[in-house]
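Chemist: One structure, pasted below without further comment.
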Amino acid sequence: MWYHTYMITNTEDKILKLLETLVEGQESLTKEVQDVKQVQTQTNTRLDRIEQSQAQTNATVTHLVTAIKALPTKQDLEASENRLNDKIEATVEVAKAEIQATMIDQIAKLTRILHKYKVRLEHLEKHTETTDPTQN
């Protein structure tokens, strides 16, 4: 009987040791699960920040694309420059024509004034019976 009691005690000890090992393993697994959950929470927080940052970046890119679309292209600028050059050339030509017309008009006025003075001088010379000293 003693042998039987010894075997039970020995078996119970083995079972107790196995149970202690299982409990320790369970505690270790529980701690590891908690650690994994903590890492997962931290990862989710970081992921949320990354998603927020990505959303802000996308909004910024959208604004930039909209702003860039509003800018004229190189072809638009060249076409605008060509139209401006054409307008400048046309304005210069109109100004030249106006200046020439003004010059012709002023020359005509001066010619009429000179002609009147010449006639007056001729009449004066004739009336006073004098001659032009500049002529031979």
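Residue numbering restarts at 1 for every chain of the structure tokens, chains are lettered A, B, ... in their displayed order, and ligands are numbered from 1 as they appear.
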Write out as a tab-separated table the residues of region 9-109 of chain A that have any atom within 12 Å of an atom of region 115-135 of chain A, one row each with the nearest atom pair and its distance in Å to one decimal, counting only C-alpha atoms, sorted by chain and then rising number.

Modeler:
```
residue	atom	partner	partner_atom	distance
A:Ile107	CA	A:His115	CA	11.9
A:Ala108	CA	A:His115	CA	10.4
A:Lys109	CA	A:His115	CA	9.8
```

Chemist: How would the residues just chosen look if you wrote them out with C-alpha atoms as a tab-separated table (two decimals), in the first residue's frame?

Modeler:
```tsv
chain	number	residue	atom	x	y	z
A	107	ILE	CA	5.10	121.44	-93.53
A	108	ALA	CA	2.09	122.56	-95.55
A	109	LYS	CA	1.25	125.22	-92.95
```

Chemist: How far is it from CA of Leu84 (chain A) to CA of Pro72 (chain A), in Å with one decimal?

Modeler: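 Separating CA of Leu84 (chain A) from CA of Pro72 (chain A) is a distance of 15.5 Å.
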